[in-house]
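Trainee: Just so it is clear, I am handing over run.txt, which has compact mmCIF, C-alpha atoms.
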# COMPACT_ATOMS: atom_id res chain seq x y z
CA MET A 1 -70.46 -44.57 133.73
CA THR A 2 -72.47 -47.71 133.20
CA SER A 3 -70.57 -48.76 130.05
CA PHE A 4 -66.90 -49.15 129.23
CA GLU A 5 -65.58 -46.88 126.51
CA MET A 6 -65.02 -48.70 123.23
CA THR A 7 -61.32 -48.58 122.42
CA ASP A 8 -58.97 -50.46 120.16
CA ARG A 9 -58.31 -52.85 123.05
CA ASN A 10 -61.85 -53.99 123.91
CA ARG A 11 -63.74 -53.35 120.66
CA LEU A 12 -65.13 -56.49 119.03
CA ARG A 13 -64.33 -56.46 115.34
CA ARG A 14 -66.00 -59.77 114.47
CA LYS A 15 -69.79 -60.09 114.87
CA PRO A 16 -70.26 -56.69 116.60
CA GLY A 17 -73.96 -57.54 117.05
CA ARG A 18 -72.89 -60.02 119.73
CA ALA A 19 -70.92 -57.41 121.69
CA ALA A 20 -71.84 -55.64 124.94
CA TYR A 21 -69.90 -52.95 126.78
CA ASP A 22 -72.26 -52.21 129.68
CA ARG A 23 -71.33 -53.22 133.20
CA ASP A 24 -74.65 -54.99 133.92
CA THR A 25 -74.15 -57.46 131.08
CA ILE A 26 -70.44 -57.95 131.69
CA TRP A 27 -70.81 -58.40 135.47
CA THR A 28 -73.56 -61.01 135.03
CA VAL A 29 -71.25 -63.08 132.83
CA VAL A 30 -68.33 -62.64 135.24
CA ASP A 31 -70.27 -63.29 138.46
CA ASP A 32 -71.98 -66.43 137.11
CA ALA A 33 -68.62 -68.13 136.57
CA LEU A 34 -66.52 -69.97 139.15
CA ILE A 35 -63.25 -69.48 137.29
CA CYS A 36 -61.57 -67.12 134.86
CA HIS A 37 -58.54 -67.61 132.60
CA VAL A 38 -55.79 -65.09 133.37
CA GLY A 39 -53.37 -64.06 130.65
CA PHE A 40 -50.04 -62.46 131.48
CA ILE A 41 -46.64 -62.07 129.82
CA HIS A 42 -43.41 -63.50 131.20
CA GLU A 43 -40.21 -62.96 129.21
CA GLY A 44 -42.11 -62.45 125.95
CA GLN A 45 -44.20 -65.60 126.37
CA PRO A 46 -47.96 -65.42 126.98
CA PHE A 47 -49.29 -67.61 129.81
CA VAL A 48 -52.95 -68.47 130.42
CA ILE A 49 -53.79 -69.87 133.86
CA PRO A 50 -57.26 -70.83 135.16
CA THR A 51 -58.12 -69.63 138.64
CA LEU A 52 -61.09 -68.88 140.91
CA HIS A 53 -62.22 -65.28 140.98
CA ALA A 54 -64.62 -62.94 142.72
CA ARG A 55 -65.67 -59.41 141.75
CA ARG A 56 -66.06 -56.35 143.95
CA GLU A 57 -67.31 -53.33 141.97
CA ASP A 58 -64.71 -52.59 139.27
CA GLU A 59 -62.12 -54.99 140.69
CA ILE A 60 -61.55 -58.70 140.20
CA LEU A 61 -60.11 -60.53 143.19
CA LEU A 62 -57.86 -63.54 142.71
CA HIS A 63 -56.05 -65.62 145.30
CA GLY A 64 -53.30 -68.15 145.38
CA ALA A 65 -50.14 -69.21 147.11
CA ALA A 66 -48.00 -66.23 148.04
CA SER A 67 -45.19 -67.89 146.06
CA SER A 68 -47.11 -68.49 142.81
CA ARG A 69 -45.83 -67.02 139.54
CA LEU A 70 -49.32 -65.90 138.57
CA ILE A 71 -49.90 -64.02 141.82
CA ARG A 72 -46.46 -62.41 141.79
CA HIS A 73 -46.97 -61.19 138.23
CA ILE A 74 -50.34 -59.68 139.01
CA ALA A 75 -49.12 -58.11 142.26
CA ALA A 76 -46.32 -56.44 140.28
CA GLY A 77 -48.91 -54.43 138.32
CA GLN A 78 -48.20 -55.96 134.89
CA PRO A 79 -51.01 -55.73 132.30
CA VAL A 80 -53.30 -58.75 132.50
CA CYS A 81 -56.32 -60.05 130.63
CA LEU A 82 -59.02 -62.04 132.45
CA THR A 83 -61.50 -64.01 130.38
CA VAL A 84 -64.64 -65.81 131.53
CA THR A 85 -66.59 -68.17 129.27
CA HIS A 86 -69.83 -70.12 129.62
CA ILE A 87 -70.75 -72.70 126.98
CA ASP A 88 -74.53 -72.87 126.61
CA GLY A 89 -75.07 -75.15 123.65
CA ILE A 90 -73.99 -76.61 120.33
CA VAL A 91 -75.70 -74.95 117.37
CA MET A 92 -76.30 -77.46 114.59
CA ALA A 93 -77.05 -75.86 111.21
CA LYS A 94 -77.90 -77.46 107.88
CA THR A 95 -74.54 -76.28 106.50
CA VAL A 96 -71.07 -76.91 107.92
CA PHE A 97 -70.33 -73.19 107.71
CA ASN A 98 -73.26 -72.12 109.94
CA HIS A 99 -72.46 -74.47 112.82
CA SER A 100 -71.66 -72.56 115.98
CA ILE A 101 -71.92 -72.65 119.73
CA ASN A 102 -74.00 -70.61 122.12
CA TYR A 103 -71.84 -68.91 124.72
CA ARG A 104 -71.44 -65.94 127.04
CA SER A 105 -67.93 -64.59 127.46
CA ALA A 106 -66.32 -61.54 129.02
CA VAL A 107 -62.82 -60.19 128.40
CA ILE A 108 -61.36 -57.84 131.00
CA PHE A 109 -58.19 -55.76 130.87
CA GLY A 110 -56.50 -54.29 133.91
CA ARG A 111 -53.60 -54.21 136.29
CA GLY A 112 -53.30 -55.74 139.74
CA ARG A 113 -52.12 -54.85 143.21
CA LEU A 114 -51.43 -56.95 146.27
CA VAL A 115 -54.16 -56.85 148.91
CA ASP A 116 -52.17 -56.96 152.13
CA GLU A 117 -54.20 -54.87 154.55
CA PRO A 118 -55.45 -57.56 157.01
CA ALA A 119 -59.13 -56.53 157.15
CA GLU A 120 -59.38 -56.17 153.36
CA LYS A 121 -57.65 -59.53 152.91
CA LEU A 122 -60.00 -61.30 155.32
CA ALA A 123 -63.02 -59.71 153.60
CA ALA A 124 -61.73 -60.98 150.25
CA LEU A 125 -61.37 -64.53 151.61
CA GLU A 126 -64.91 -64.31 152.95
CA GLN A 127 -66.11 -63.22 149.51
CA PHE A 128 -64.30 -66.14 147.81
CA THR A 129 -65.79 -68.63 150.26
CA GLU A 130 -69.30 -67.19 149.96
CA LYS A 131 -69.04 -67.22 146.15
CA LEU A 132 -68.13 -70.94 146.18
CA LEU A 133 -71.12 -71.64 148.42
CA PRO A 134 -73.32 -68.93 149.95
CA GLY A 135 -73.61 -69.45 153.73
CA ARG A 136 -70.34 -71.33 153.98
CA TRP A 137 -68.17 -68.70 155.71
CA ALA A 138 -70.10 -68.77 159.02
CA ASP A 139 -69.95 -72.57 159.18
CA VAL A 140 -66.24 -73.32 158.78
CA ARG A 141 -63.03 -72.80 160.76
CA PRO A 142 -61.71 -69.29 159.91
CA PRO A 143 -58.16 -68.85 158.60
CA ASN A 144 -55.39 -68.64 161.20
CA THR A 145 -52.26 -66.48 161.06
CA ILE A 146 -50.13 -69.09 159.27
CA GLU A 147 -52.83 -69.69 156.63
CA MET A 148 -53.31 -65.96 156.12
CA LYS A 149 -49.58 -65.62 155.48
CA ALA A 150 -49.48 -68.50 153.00
CA THR A 151 -52.36 -67.03 150.98
CA ALA A 152 -51.98 -64.03 148.74
CA ILE A 153 -54.87 -61.94 147.41
CA VAL A 154 -54.55 -59.65 144.42
CA ALA A 155 -57.09 -57.17 143.09
CA VAL A 156 -57.15 -56.32 139.38
CA ALA A 157 -58.53 -52.84 138.71
CA ILE A 158 -60.65 -53.16 135.58
CA GLU A 159 -59.60 -50.56 132.97
CA SER A 160 -61.58 -51.91 130.03
CA ALA A 161 -63.93 -54.79 129.30
CA SER A 162 -66.43 -56.27 126.88
CA ALA A 163 -68.82 -59.19 126.68
CA LYS A 164 -69.74 -61.35 123.72
CA ILE A 165 -72.89 -63.42 123.70
CA ARG A 166 -74.43 -65.79 121.17
CA GLN A 167 -77.86 -67.24 121.89
CA GLY A 168 -80.66 -68.82 119.89
CA GLY A 169 -80.95 -71.27 117.05
CA PRO A 170 -78.95 -71.86 113.87
CA LYS A 171 -79.17 -69.39 110.99
CA ASP A 172 -79.28 -70.90 107.52
CA ASP A 173 -80.43 -69.12 104.38
CA PRO A 174 -82.62 -70.55 101.62
CA PRO A 175 -82.13 -72.83 99.79
CA ASP A 176 -79.98 -74.42 102.57
CA THR A 177 -82.99 -74.41 104.92
CA GLU A 178 -84.42 -77.19 102.70
CA TRP A 179 -81.39 -79.46 103.27
CA PRO A 180 -82.62 -82.67 104.97
CA ALA A 181 -80.28 -82.71 108.03
CA TRP A 182 -81.82 -82.04 111.46
CA ALA A 183 -80.97 -78.51 112.63
CA GLY A 184 -81.30 -77.03 116.09
CA VAL A 185 -79.56 -76.46 119.39
CA LEU A 186 -78.19 -79.05 121.80
CA PRO A 187 -78.27 -77.02 125.05
CA LEU A 188 -75.41 -77.61 127.51
CA GLN A 189 -75.65 -76.88 131.20
CA MET A 190 -73.56 -77.36 134.32
CA VAL A 191 -75.37 -79.45 136.94
CA MET A 192 -74.46 -80.76 140.34
CA ALA A 193 -74.40 -84.50 140.93
CA PRO A 194 -75.23 -85.86 144.43
CA PRO A 195 -72.83 -84.55 147.16
CA GLU A 196 -70.01 -86.88 148.26
CA PRO A 197 -69.40 -86.53 152.01
CA ALA A 198 -65.86 -86.65 153.40
CA ALA A 199 -64.97 -89.78 155.38
CA TYR A 200 -64.18 -87.68 158.45
CA ASN A 201 -67.63 -86.11 158.72
CA HIS A 202 -69.54 -87.06 161.86
CA ALA A 203 -71.54 -90.26 161.23
CA GLY A 204 -74.89 -89.53 159.58
CA GLN A 205 -74.18 -85.81 159.40
CA PRO A 206 -76.96 -84.19 157.32
CA LEU A 207 -76.38 -81.61 154.58
CA PRO A 208 -76.90 -78.08 155.93
CA GLY A 209 -79.76 -76.03 154.50
CA TYR A 210 -77.46 -73.66 152.63
CA ILE A 211 -76.09 -76.63 150.63
CA THR A 212 -79.49 -78.10 149.76
CA ASP A 213 -80.61 -74.58 148.73
CA TYR A 214 -77.53 -74.29 146.54
CA LEU A 215 -78.10 -77.66 144.85
CA ALA A 216 -81.53 -76.48 143.73
CA ARG A 217 -79.86 -73.73 141.66
CA PHE A 218 -78.12 -76.33 139.50
CA SER A 219 -81.16 -78.36 138.51
CA LEU A 220 -82.17 -79.03 134.91
CA PRO A 221 -85.01 -77.06 133.24
CA ASP A 222 -87.37 -80.04 133.78
CA GLY A 223 -86.61 -79.91 137.55
CA SER A 224 -84.63 -83.17 137.67
CA MET B 1 -41.29 -89.32 123.27
CA THR B 2 -44.47 -89.89 125.23
CA SER B 3 -43.82 -87.04 127.68
CA PHE B 4 -42.95 -83.37 127.24
CA GLU B 5 -39.61 -82.31 128.67
CA MET B 6 -39.95 -80.36 131.92
CA THR B 7 -38.60 -76.86 131.33
CA ASP B 8 -38.90 -73.50 133.01
CA ARG B 9 -41.90 -72.79 130.77
CA ASN B 10 -44.13 -75.79 131.51
CA ARG B 11 -42.91 -76.92 134.94
CA LEU B 12 -45.54 -76.65 137.68
CA ARG B 13 -44.03 -75.01 140.74
CA ARG B 14 -47.14 -75.11 142.92
CA LYS B 15 -48.54 -78.53 143.96
CA PRO B 16 -46.21 -80.57 141.73
CA GLY B 17 -48.07 -83.73 142.81
CA ARG B 18 -50.98 -82.57 140.62
CA ALA B 19 -48.79 -82.19 137.51
CA ALA B 20 -48.55 -84.46 134.46
CA TYR B 21 -46.29 -84.12 131.45
CA ASP B 22 -47.22 -87.23 129.46
CA ARG B 23 -49.14 -86.91 126.21
CA ASP B 24 -51.83 -89.45 127.16
CA THR B 25 -52.93 -87.43 130.18
CA ILE B 26 -52.64 -84.05 128.45
CA TRP B 27 -54.45 -85.17 125.29
CA THR B 28 -57.35 -86.62 127.29
CA VAL B 29 -57.86 -83.25 128.98
CA VAL B 30 -57.55 -81.37 125.67
CA ASP B 31 -59.75 -83.70 123.60
CA ASP B 32 -62.55 -83.79 126.21
CA ALA B 33 -63.03 -80.02 125.94
CA LEU B 34 -65.05 -78.12 123.34
CA ILE B 35 -63.11 -74.89 123.75
CA CYS B 36 -59.72 -73.60 124.79
CA HIS B 37 -58.58 -70.13 125.89
CA VAL B 38 -55.88 -68.75 123.62
CA GLY B 39 -53.36 -66.25 124.97
CA PHE B 40 -51.35 -64.01 122.66
CA ILE B 41 -49.54 -60.68 122.89
CA HIS B 42 -50.47 -57.60 120.87
CA GLU B 43 -48.48 -54.41 121.43
CA GLY B 44 -47.37 -55.49 124.90
CA GLN B 45 -50.90 -56.37 126.03
CA PRO B 46 -51.91 -59.97 126.75
CA PHE B 47 -55.21 -61.10 125.20
CA VAL B 48 -57.15 -64.25 126.15
CA ILE B 49 -59.83 -65.36 123.68
CA PRO B 50 -62.03 -68.48 123.94
CA THR B 51 -62.39 -70.55 120.80
CA LEU B 52 -63.27 -74.06 119.59
CA HIS B 53 -60.34 -76.38 119.03
CA ALA B 54 -59.46 -79.79 117.69
CA ARG B 55 -56.21 -81.74 118.07
CA ARG B 56 -54.33 -83.71 115.45
CA GLU B 57 -51.25 -85.42 116.90
CA ASP B 58 -48.97 -82.68 118.26
CA GLU B 59 -50.94 -79.85 116.69
CA ILE B 60 -53.97 -77.89 117.85
CA LEU B 61 -56.30 -76.70 115.10
CA LEU B 62 -58.25 -73.47 115.50
CA HIS B 63 -60.56 -71.76 113.05
CA GLY B 64 -62.16 -68.40 112.64
CA ALA B 65 -62.90 -65.60 110.24
CA ALA B 66 -59.99 -64.96 107.91
CA SER B 67 -60.06 -61.35 109.13
CA SER B 68 -59.97 -62.06 112.90
CA ARG B 69 -57.17 -60.61 115.05
CA LEU B 70 -56.74 -63.92 116.87
CA ILE B 71 -56.32 -65.91 113.65
CA ARG B 72 -53.97 -63.38 112.07
CA HIS B 73 -51.77 -63.37 115.18
CA ILE B 74 -51.54 -67.13 115.27
CA ALA B 75 -50.94 -67.39 111.52
CA ALA B 76 -48.02 -64.98 111.93
CA GLY B 77 -46.20 -67.54 114.09
CA GLN B 78 -46.20 -65.51 117.32
CA PRO B 79 -45.82 -67.48 120.57
CA VAL B 80 -49.20 -68.52 121.96
CA CYS B 81 -50.51 -70.33 125.03
CA LEU B 82 -53.63 -72.52 124.81
CA THR B 83 -55.33 -73.53 128.03
CA VAL B 84 -58.15 -76.01 128.54
CA THR B 85 -60.01 -76.36 131.84
CA HIS B 86 -62.72 -78.68 133.13
CA ILE B 87 -64.38 -77.93 136.49
CA ASP B 88 -65.39 -81.19 138.17
CA GLY B 89 -66.54 -80.13 141.61
CA ILE B 90 -66.43 -77.81 144.59
CA VAL B 91 -64.34 -79.20 147.46
CA MET B 92 -65.79 -78.16 150.81
CA ALA B 93 -63.39 -78.57 153.72
CA LYS B 94 -63.88 -77.92 157.43
CA THR B 95 -61.48 -74.97 157.21
CA VAL B 96 -61.64 -71.97 154.86
CA PHE B 97 -58.02 -72.58 153.87
CA ASN B 98 -58.60 -76.15 152.62
CA HIS B 99 -61.50 -75.31 150.31
CA SER B 100 -60.66 -76.07 146.71
CA ILE B 101 -62.11 -77.18 143.43
CA ASN B 102 -61.64 -80.40 141.49
CA TYR B 103 -60.45 -79.69 137.97
CA ARG B 104 -58.48 -80.97 135.00
CA SER B 105 -56.49 -78.40 133.06
CA ALA B 106 -53.87 -78.40 130.33
CA VAL B 107 -51.53 -75.59 129.35
CA ILE B 108 -49.95 -75.75 125.89
CA PHE B 109 -47.22 -73.58 124.39
CA GLY B 110 -46.50 -73.34 120.68
CA ARG B 111 -46.51 -71.33 117.50
CA GLY B 112 -49.00 -71.40 114.67
CA ARG B 113 -49.10 -71.50 110.91
CA LEU B 114 -51.88 -70.90 108.42
CA VAL B 115 -53.43 -74.05 106.95
CA ASP B 116 -54.12 -73.02 103.37
CA GLU B 117 -53.60 -76.19 101.36
CA PRO B 118 -57.23 -76.97 100.25
CA ALA B 119 -57.29 -80.69 101.14
CA GLU B 120 -55.72 -80.10 104.57
CA LYS B 121 -58.13 -77.23 105.20
CA LEU B 122 -61.18 -79.32 104.28
CA ALA B 123 -59.93 -82.18 106.47
CA ALA B 124 -59.57 -79.74 109.39
CA LEU B 125 -63.15 -78.50 108.92
CA GLU B 126 -64.33 -82.10 108.88
CA GLN B 127 -62.45 -82.71 112.14
CA PHE B 128 -64.03 -79.62 113.78
CA THR B 129 -67.52 -80.69 112.70
CA GLU B 130 -67.02 -84.30 113.82
CA LYS B 131 -65.66 -83.10 117.19
CA LEU B 132 -68.79 -80.98 117.77
CA LEU B 133 -70.97 -83.98 116.95
CA PRO B 134 -69.63 -87.31 115.63
CA GLY B 135 -71.48 -88.30 112.47
CA ARG B 136 -72.42 -84.75 111.56
CA TRP B 137 -70.09 -84.17 108.59
CA ALA B 138 -71.81 -86.70 106.30
CA ASP B 139 -75.26 -85.25 107.05
CA VAL B 140 -74.83 -81.53 106.31
CA ARG B 141 -74.21 -79.33 103.28
CA PRO B 142 -70.43 -79.16 102.72
CA PRO B 143 -68.64 -75.80 102.56
CA ASN B 144 -68.67 -74.02 99.20
CA THR B 145 -65.86 -71.95 97.69
CA ILE B 146 -67.02 -68.64 99.21
CA GLU B 147 -67.34 -70.20 102.68
CA MET B 148 -63.93 -71.84 102.39
CA LYS B 149 -62.43 -68.45 101.57
CA ALA B 150 -64.14 -66.72 104.52
CA THR B 151 -62.85 -69.34 106.98
CA ALA B 152 -59.26 -69.51 108.12
CA ILE B 153 -57.68 -72.51 109.80
CA VAL B 154 -54.49 -72.30 111.83
CA ALA B 155 -52.44 -75.14 113.31
CA VAL B 156 -50.41 -74.57 116.47
CA ALA B 157 -47.39 -76.88 116.68
CA ILE B 158 -47.12 -77.90 120.34
CA GLU B 159 -43.63 -77.22 121.67
CA SER B 160 -44.32 -77.80 125.37
CA ALA B 161 -47.27 -78.71 127.57
CA SER B 162 -48.40 -79.85 130.98
CA ALA B 163 -51.58 -80.92 132.71
CA LYS B 164 -52.75 -80.24 136.26
CA ILE B 165 -55.42 -82.35 137.90
CA ARG B 166 -57.07 -82.27 141.30
CA GLN B 167 -59.53 -85.02 142.20
CA GLY B 168 -60.99 -86.48 145.37
CA GLY B 169 -62.28 -85.17 148.67
CA PRO B 170 -61.19 -82.36 150.97
CA LYS B 171 -58.03 -82.72 153.05
CA ASP B 172 -58.21 -81.40 156.61
CA ASP B 173 -55.81 -82.30 159.40
CA PRO B 174 -56.71 -83.09 163.01
CA PRO B 175 -58.03 -81.37 165.05
CA ASP B 176 -59.85 -79.55 162.18
CA THR B 177 -61.43 -82.85 161.11
CA GLU B 178 -63.55 -82.61 164.30
CA TRP B 179 -64.99 -79.22 163.31
CA PRO B 180 -68.80 -79.61 163.00
CA ALA B 181 -69.28 -78.24 159.42
CA TRP B 182 -70.27 -80.72 156.68
CA ALA B 183 -67.27 -81.50 154.46
CA GLY B 184 -67.21 -83.20 151.08
CA VAL B 185 -67.40 -82.65 147.34
CA LEU B 186 -70.21 -81.09 145.33
CA PRO B 187 -69.54 -82.69 141.91
CA LEU B 188 -70.18 -80.52 138.86
CA GLN B 189 -70.89 -81.92 135.43
CA MET B 190 -71.85 -80.65 131.98
CA VAL B 191 -75.10 -82.19 130.78
CA MET B 192 -77.24 -81.75 127.71
CA ALA B 193 -80.80 -80.50 128.09
CA PRO B 194 -83.46 -81.64 125.56
CA PRO B 195 -82.61 -80.64 121.93
CA GLU B 196 -84.36 -77.54 120.54
CA PRO B 197 -85.21 -78.04 116.84
CA ALA B 198 -84.86 -75.14 114.39
CA ALA B 199 -88.14 -73.70 113.08
CA TYR B 200 -87.11 -74.50 109.50
CA ASN B 201 -86.70 -78.25 110.06
CA HIS B 202 -89.15 -80.40 108.12
CA ALA B 203 -92.33 -80.91 110.18
CA GLY B 204 -91.95 -83.77 112.68
CA GLN B 205 -88.36 -84.42 111.62
CA PRO B 206 -86.90 -86.99 114.07
CA LEU B 207 -83.47 -86.71 115.70
CA PRO B 208 -80.91 -88.77 113.76
CA GLY B 209 -79.31 -91.72 115.56
CA TYR B 210 -75.93 -90.03 115.85
CA ILE B 211 -77.53 -87.25 117.93
CA THR B 212 -79.43 -89.58 120.26
CA ASP B 213 -76.19 -91.58 120.70
CA TYR B 214 -74.37 -88.35 121.54
CA LEU B 215 -76.96 -87.24 124.10
CA ALA B 216 -76.40 -90.47 126.04
CA ARG B 217 -72.77 -89.42 126.62
CA PHE B 218 -73.91 -86.39 128.62
CA SER B 219 -76.18 -88.15 131.09
CA LEU B 220 -75.79 -87.95 134.86
CA PRO B 221 -74.19 -90.79 136.85
CA ASP B 222 -77.67 -91.97 137.92
CA GLY B 223 -78.68 -92.28 134.25
CA SER B 224 -81.12 -89.35 134.25
Could you take the file, read its structure, and then write that structure out as structure tokens?

Mentor:
Amino acid sequence: MTSFEMTDRNRLRRKPGRAAYDRDTIWTVVDDALICHVGFIHEGQPFVIPTLHARREDEILLHGAASSRLIRHIAAGQPVCLTVTHIDGIVMAKTVFNHSINYRSAVIFGRGRLVDEPAEKLAALEQFTEKLLPGRWADVRPPNTIEMKATAIVAVAIESASAKIRQGGPKDDPPDTEWPAWAGVLPLQMVMAPPEPAAYNHAGQPLPGYITDYLARFSLPDGS
Amino acid sequence: MTSFEMTDRNRLRRKPGRAAYDRDTIWTVVDDALICHVGFIHEGQPFVIPTLHARREDEILLHGAASSRLIRHIAAGQPVCLTVTHIDGIVMAKTVFNHSINYRSAVIFGRGRLVDEPAEKLAALEQFTEKLLPGRWADVRPPNTIEMKATAIVAVAIESASAKIRQGGPKDDPPDTEWPAWAGVLPLQMVMAPPEPAAYNHAGQPLPGYITDYLARFSLPDGS
């Protein structure tokens, strides 16, 4: 099964031409993002909390303090919704109505479980650390017993999902295309500014290769 | 009342030192963001949908197709949660456990209403357009009757809110501070790449001043 079944829960009613239900498309959107927004229900009230995530096949891993409300809710197996969004540009049309933004988003539905088997938990922490910065895990002090206890990992089994993507320029129809205003896209992109070393680094400590490699991934299209 | 009352709903249990309940702090986080993630409940299932927003005093304005599930739910006055998040950097510590990210987030609770009075609706559309790009409203073709009918605006009255902010470098304790790995912050920032004009612009049409002014707001700290 490379695509998720279209159901009442994940089907996009608005602009179905922007929808995707295949895992390849959805996973690319999910894996490219540092954080997701997790929705859950507590006493009839919806909550939406941003948190770091990692994906392993059809599961999303989240972590947090063992005492956190978010983690406890997910561990209890309540239905959750995880949404990931990238903003890629502002789409300026000649008409107010046709203004838009370019984006890639994914909406995931599932239920969680606590990951408490020690080897699986350590592997999840390694995956989180490597997602933040590939190469990092081997370079830093591993978690000790107290830290492992203070950290909780939950895995959300993905039951259903969809992606929604808008790309490209504005769409105006004649005669609006003759309107004098400038139309086009203002592309937005996340970049990395120069690293800021901690005061307690060793004096003159150089950036490791895996960090300089990583910085190159966040450069602008013109290479700056 | 410059601050929201701390209640069971908006009180931050984890890392209370990162919490803020005053409107100035919360509004800065909200107003700096293009989009929010809206959480609502439909048949016992939480949904989280990204959408553009604008704020007017203690209300958040959202817009969408009159037929959209999100808009209909909000217009019906159901409880919603709106969350805004900015990612400002990856915090690399000497220990796995102390890795973090720098961020500014705001979580808002409220209930919506449909904005259907024509003058209020038009003013809301002007505010959305001006938030996307200040100066834009006066330059583009205003909405016509059909477009006004196809667009729905909802206003969420903010009942409760909080912000959570992490800034600054990693925090390791001795003896971990002696660990050899490089520690510090990799700052992340949204920037604007060069504008991409629509094919149907007039030949050689220059960027208007309000767009070049806007681009300058998205430059890197070194001015590039």

Trainee: At a cut-off of 9 Å, using all atoms listed in the file, what residues contact Met192 (chain B)? Leave out same-chain residues fewer than 2 positions from it and give the result as a PyMOL selection string.

Mentor: (chain A and resi 89+186-190) or (chain B and resi 190+194-195+215-219)

Trainee: Keeping only C-alpha atoms, write the selected residues as an mmCIF file, keeping the file's coordinate frame.

Mentor:
data_model
loop_
_atom_site.group_PDB
_atom_site.id
_atom_site.type_symbol
_atom_site.label_atom_id
_atom_site.label_comp_id
_atom_site.auth_asym_id
_atom_site.auth_seq_id
_atom_site.Cartn_x
_atom_site.Cartn_y
_atom_site.Cartn_z
ATOM 1 C CA GLY A 89 -75.070 -75.150 123.650
ATOM 2 C CA LEU A 186 -78.190 -79.050 121.800
ATOM 3 C CA PRO A 187 -78.270 -77.020 125.050
ATOM 4 C CA LEU A 188 -75.410 -77.610 127.510
ATOM 5 C CA GLN A 189 -75.650 -76.880 131.200
ATOM 6 C CA MET A 190 -73.560 -77.360 134.320
ATOM 7 C CA MET B 190 -71.850 -80.650 131.980
ATOM 8 C CA PRO B 194 -83.460 -81.640 125.560
ATOM 9 C CA PRO B 195 -82.610 -80.640 121.930
ATOM 10 C CA LEU B 215 -76.960 -87.240 124.100
ATOM 11 C CA ALA B 216 -76.400 -90.470 126.040
ATOM 12 C CA ARG B 217 -72.770 -89.420 126.620
ATOM 13 C CA PHE B 218 -73.910 -86.390 128.620
ATOM 14 C CA SER B 219 -76.180 -88.150 131.090
#

Trainee: Which residue gives the smallest distance to Thr28 (chain B) among B:Leu12, B:Ile165, B:Val96, B:Ala119, with only C-alpha atoms counted?

Mentor: B:Ile165

Trainee: From the options B:Ala161, B:Ile74, B:Ala203, B:Ile41, which residue's atoms come nearest to chain A, counting only C-alpha atoms?

Mentor: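 Of B:Ala161, B:Ile74, B:Ala203, B:Ile41, the one nearest chain A is B:Ile41, counting only C-alpha atoms.
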
Trainee: Pick from B:Val30, B:Ala157, B:Ile49, B:Ala54: nearest to chain A, with only C-alpha atoms counted?

Mentor: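 Under the stated criterion, the closest residue is B:Ile49.
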
Trainee: Between A:Gln205, A:Ala20, A:Pro50, A:Ala33, which has the minimum distance to Ala106 (chain B) (counting all atoms listed in the file)?

Mentor: A:Pro50

Trainee: With a distance cut-off of 12 Å and all atoms listed in the file, select the neighbouring residues of Arg56 (chain B), excluding the residue or stretch itself and same-chain residues fewer than 6 positions from it, and output the selection as a count of residues only.

Mentor: 15

Trainee: Between CA of Ala19 (chain A) and CA of Ala163 (chain A), what is the distance in Å, rounded to a tenth?

Mentor: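 Calculated distance between CA of Ala19 (chain A) and CA of Ala163 (chain A) is 5.7 Å.
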
Trainee: Tell me which of B:Val115, B:Gly204, B:Thr2, B:Gln167 sits closest to Ile90 (chain B), counting all atoms listed in the file.

Mentor: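 Residue with the minimum atom-to-atom distance to Ile90 (chain B): B:Gln167.
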
Trainee: Show me the residues around (-50.2, -77.8, 118.0) - criterion: an atom at most 9 Å away, all atoms listed in the file counted - as an MDAnalysis selection string.

Mentor: chainID B and resid 55:61 108:112 155:159

Trainee: Give me, as a PyMOL selection string, all polymer residues having an atom no more than 10 Å from Ser68 (chain B), counting only C-alpha atoms and skipping those fewer than 6 positions away in the same chain.

Mentor: (chain A and resi 12-14) or (chain B and resi 151-152)

Trainee: Restricting the calculation to all atoms listed in the file: of B:Glu147, B:Asp88, B:Asp8, B:Asp139, which residue gets closest to Ala65 (chain B)?

Mentor: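 Between B:Glu147, B:Asp88, B:Asp8, B:Asp139, the residue approaching Ala65 (chain B) most closely is B:Glu147.
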
Trainee: Between CA of Leu82 (chain A) and CA of Lys164 (chain A), measure the distance and give it in Å to one decimal.

Mentor: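 Interatomic distance, CA of Leu82 (chain A) to CA of Lys164 (chain A): 13.8 Å.
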
Trainee: Report as a PyMOL selection string all protein, DNA and RNA residues lying within 7 Å of Ala183 (chain B), evaluated on all atoms listed in the file, omitting residues in the same chain fewer than 2 positions from it.

Mentor: (chain A and resi 197-198+201) or (chain B and resi 92-94+181)

Trainee: Quick one: distance from CA of Trp179 (chain B) to CA of His63 (chain A) in Å, one decimal?

Mentor: 24.3 Å
